[in-house]
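First comes the structure, then the notes that go with it.
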Amino acid sequence: MIKYLLVFVAVLGIGWILWQLGVEFQTAQELNPLASEYVRGSTSDLNMPNAVTAVVVSYRGLDTLGEVTVLFLATAGIGFLLKRRKRSAGLEIDDTDGAANVPVCDESALAGLEFDATGTTDPQNNLSNSLGSLSNSAVKTRTEGSEILKTGANMLVPMIVVLGIYIFTHGHLSPGGGFQGGVVIASGILMLIMAETRFHLSHLLLHISESLSGLAYVAMGLAGLILLGVDHFLDPRYLLAGQFLALFSAGAVPVIYSLIGIKVGSELASVLASIQHEGEEL
Amino acid sequence: MILLITGMLLILAGIWAILVKKDIIRMIIGFTVVDTGVHLLIVAIGYVKGGTAPIIDRAVSTADASFAGMQAISKVVDPVPSALVLTAIVIGLAVTGLMLAYAVRLNKATGSTNIDDHEEQKW
Amino acid sequence: MFETITLIFLGLISVAAAIFAIYTRRVVSAVIASGVISLSASIMFLLAAAPDVAMTEATIGAGLTTVIFLYALKHIRSSREGRDD
């Protein structure tokens with residue numbers, strides 16, 4: 001009970017601090033000078049309509065580089081923690097049944113995981129399971145995804161990937177950009193992982209695309225340093241500014257944002273794959 | 001203003017969950033709730049009354065001080081908090097994944113994600 | 001006016017979902033509730049004129065975070081069952 005009291009006092013203290021911050025807050029009536037300078041500069045200097053992309057890619061480009069580095073470190077940490085054993089190691093792990101080295105998926109325990117269950121149950125009882133009737137049969141082996149899921153994945157995954165590419169190539173014109181496009185591509189790959197159990201994502205390919213796009217991102221920043229002079233790191237103006245509202249405009253911004261999109265997409269896909277395949281053999 | 005209050009309440013609820021709950025999964029859920037609250041707070045700070053999205057469909061040069069150009073700029077929300085929150089959300093996903101990977105590993109090593117079962121880590 | 005009412009409604013939903021996520025007994029329900037928080041927060045971002053943030057929050061907060069939580073829960077559950085038997 002004394003612990004609850006201490007926690008209550010701590011939360012109350014944080015609430016008091018937040019209240020002090022918020023009580024004087026008033027919604028701004030107009031932009032502050034820095035922000036209006038950014039908004040004006042994004043249209044006049046960088047020649048693109050989306051000011052958020054201008055801030056992310058160009059004005060605060062160094063922050064974005066650091067953010068991508070943090071993302072890479074977190075992905076590396078997940079890959080380190082959730083290693084997949086080699087088949088030749090011969091280590092029998094205690095959490096799987098010896099006969100089938102696959103995660104045991106108990107339907108009654110996972111009643112809430114409907115959409116995941118559709119990826120792991122038999123085609124014939126999949127519909128009844130996803131409708132909520134709890135069958136007690138524990139699915140011991142990881143079977144194929146259901147027919148609906150597989151057909152839907154075959155149709156939808158190319159469209160999802162194209163949508164992701166559209167989002168990150170048009171990041172300077174419309175809402176969206178590398179981060180959103182990368183996440184959309186990663187969710188398409190997630191659908192593929194759920195539908196096709198035989199589908200094994202090549203981690204080598206993901207690592208190559210991720211590190212090449214990261215390298216190219218830094219190289220694009222260094223090109224600004226070389227072509228435009230000192231203190232122009234990640235300045236995109238060394239490519240042609242183009243016509244306002246055209247796809248190939250705003251200098252190097254679409255290129256940089258596409259590279260960020262590929263990098264984020266492959267990193268998140270490898271996170272999803274390593275969490276999903278945790279404990280399985282290669 | 002509503003965003004600000006909602007963000008503060010979410011931060012408090014998440015901190016309560018982090019401090020009170022014993023299960024590590026519940027604590028991670030608390031962390032994601034705090035994340036969302038902080039994002040709401042930052043976006044609320046950047047909001048301008050009656051503002052529109054910071055996407056401008058006509059070029060406004062620095063020398064152009066015409067009324068229409070100034071109006072197009074002054075009715076726009078602050079892009080800097082949006083950009084910061086954009087990157088913070090992606091980092092939040094990666095950090096959540098890292099915490100969950102740690103929880104899965106801990107469960108595999110000791111068979112429990114309850115912090116009461118890990119007394120040797122206590123100081 | 002309409003925006004204000006919608007914002008209040010969404011704020012109430014997200015705070016209620018946060019309290020539900022803390023005090024529900026089932027972990028899966030708590031995960032889904034945190035997805036609901038992210039989804040209503042993304043609509044609030046959209047109403048606060050930040051469409052970029054709204055897109056990111058909807059795809060990441062409500063989509064991928066929930067999926068990662070559910071996968072981790074699946075592994076934790078399955079290893080517990082193997083141990084208890």
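Scheme for the structure tokens: letters A, B, ... for chains in order shown; per-chain residue numbers from 1; ligand numbers from 1 in order shown.
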
Chain B residues near chain A (8 Å cut-off, only C-alpha atoms) as a PyMOL selection string: chain B and resi 1+4+8+12+15-16+19-20+45-49+54-62+73-80+82-84+86-87+90-91+94-95+97-98+101-102+105+108

Those same residues, written as a PDB file, in the first residue's frame with C-alpha atoms?
ATOM      1  CA  MET B   1      -6.000  23.068 -26.114  1.00  0.00           C
ATOM      2  CA  LEU B   4      -2.762  19.481 -24.879  1.00  0.00           C
ATOM      3  CA  MET B   8      -1.142  15.331 -20.490  1.00  0.00           C
ATOM      4  CA  LEU B  12      -0.042  10.583 -16.578  1.00  0.00           C
ATOM      5  CA  ILE B  15       3.436   6.775 -16.123  1.00  0.00           C
ATOM      6  CA  TRP B  16       0.942   5.293 -13.671  1.00  0.00           C
ATOM      7  CA  LEU B  19       5.121   2.452 -12.067  1.00  0.00           C
ATOM      8  CA  VAL B  20       2.291   0.255 -10.804  1.00  0.00           C
ATOM      9  CA  ILE B  45       2.282  23.366 -29.145  1.00  0.00           C
ATOM     10  CA  GLY B  46       2.837  23.844 -32.881  1.00  0.00           C
ATOM     11  CA  TYR B  47      -0.814  24.458 -33.696  1.00  0.00           C
ATOM     12  CA  VAL B  48      -1.845  27.878 -34.949  1.00  0.00           C
ATOM     13  CA  LYS B  49      -5.430  28.964 -34.489  1.00  0.00           C
ATOM     14  CA  PRO B  54       1.935  23.462 -44.101  1.00  0.00           C
ATOM     15  CA  ILE B  55       1.607  22.679 -47.805  1.00  0.00           C
ATOM     16  CA  ILE B  56       1.605  25.765 -49.958  1.00  0.00           C
ATOM     17  CA  ASP B  57       0.492  25.540 -53.553  1.00  0.00           C
ATOM     18  CA  ARG B  58       2.058  28.733 -54.821  1.00  0.00           C
ATOM     19  CA  ALA B  59       5.600  30.000 -54.639  1.00  0.00           C
ATOM     20  CA  VAL B  60       6.068  32.907 -52.248  1.00  0.00           C
ATOM     21  CA  SER B  61       9.417  34.588 -52.642  1.00  0.00           C
ATOM     22  CA  THR B  62      11.154  36.427 -49.858  1.00  0.00           C
ATOM     23  CA  ILE B  73       2.075  31.832 -45.112  1.00  0.00           C
ATOM     24  CA  SER B  74       0.529  33.174 -41.942  1.00  0.00           C
ATOM     25  CA  LYS B  75      -2.396  30.734 -42.001  1.00  0.00           C
ATOM     26  CA  VAL B  76      -0.205  27.667 -41.765  1.00  0.00           C
ATOM     27  CA  VAL B  77       0.693  25.580 -38.730  1.00  0.00           C
ATOM     28  CA  ASP B  78       4.271  25.311 -37.511  1.00  0.00           C
ATOM     29  CA  PRO B  79       6.123  22.653 -39.556  1.00  0.00           C
ATOM     30  CA  VAL B  80       8.953  22.099 -37.053  1.00  0.00           C
ATOM     31  CA  SER B  82       5.366  18.074 -37.114  1.00  0.00           C
ATOM     32  CA  ALA B  83       8.793  17.116 -38.462  1.00  0.00           C
ATOM     33  CA  LEU B  84      10.111  16.272 -34.985  1.00  0.00           C
ATOM     34  CA  LEU B  86       7.353  12.392 -37.504  1.00  0.00           C
ATOM     35  CA  THR B  87      10.798  11.094 -36.668  1.00  0.00           C
ATOM     36  CA  VAL B  90       9.401   5.944 -36.102  1.00  0.00           C
ATOM     37  CA  ILE B  91      11.999   5.838 -33.321  1.00  0.00           C
ATOM     38  CA  ALA B  94      11.982   0.720 -33.066  1.00  0.00           C
ATOM     39  CA  VAL B  95      12.422   1.231 -29.320  1.00  0.00           C
ATOM     40  CA  GLY B  97      10.435  -3.484 -30.733  1.00  0.00           C
ATOM     41  CA  LEU B  98      13.702  -3.513 -28.818  1.00  0.00           C
ATOM     42  CA  ALA B 101      12.654  -8.377 -27.962  1.00  0.00           C
ATOM     43  CA  TYR B 102      14.188  -8.032 -24.512  1.00  0.00           C
ATOM     44  CA  ARG B 105      14.417 -13.122 -24.368  1.00  0.00           C
ATOM     45  CA  LYS B 108      12.766 -17.555 -22.657  1.00  0.00           C
TER      46      LYS B 108
END

Non-local contacts of segment 55-60 of chain C (10 Å; only C-alpha atoms; under 3 positions in same chain excluded) as a ChimeraX atom specification: /A:175-177,179-181,183-184,187 /B:36,39,85-87,89-90,92-93 /C:35-36,38-43,45-46,50-52,63-67

Exercise answer, chain C residues close to chain B, 9 Å and only C-alpha atoms, as JSON, numbers by chain: {"C": [4, 7, 8, 11, 12, 14, 15, 18, 19, 21, 22, 23, 27, 30, 31, 34, 37, 38, 41, 44, 45, 46, 48, 49, 50, 51, 52, 53, 54, 56, 57, 60, 61, 64, 65, 68, 69, 72, 73, 75, 76, 79, 80, 83]}

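Put simply, atom CA of Lys22 of chain B is 6.9 Å away from atom CA of Asp116 of chain B.
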
Atom pair atom CA of Pro236 of chain A / atom CA of Val253 of chain A: separation (Å):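 Separation between atom CA of Pro236 of chain A and atom CA of Val253 of chain A: 5.9 Å.
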
Strand (DSSP E or B) per DSSP on the backbone: members of chain B, as a list in words: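 For chain B, the strand (DSSP E or B) set is Asp23, Val48, Thr52, Ile55, Val76 and Asn114 of chain B.
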
Near-Leu222 of chain A list (9 Å; only C-alpha atoms; drop same-chain fewer than 5 positions) as a PyMOL selection string: chain A and resi 217+227+232-234
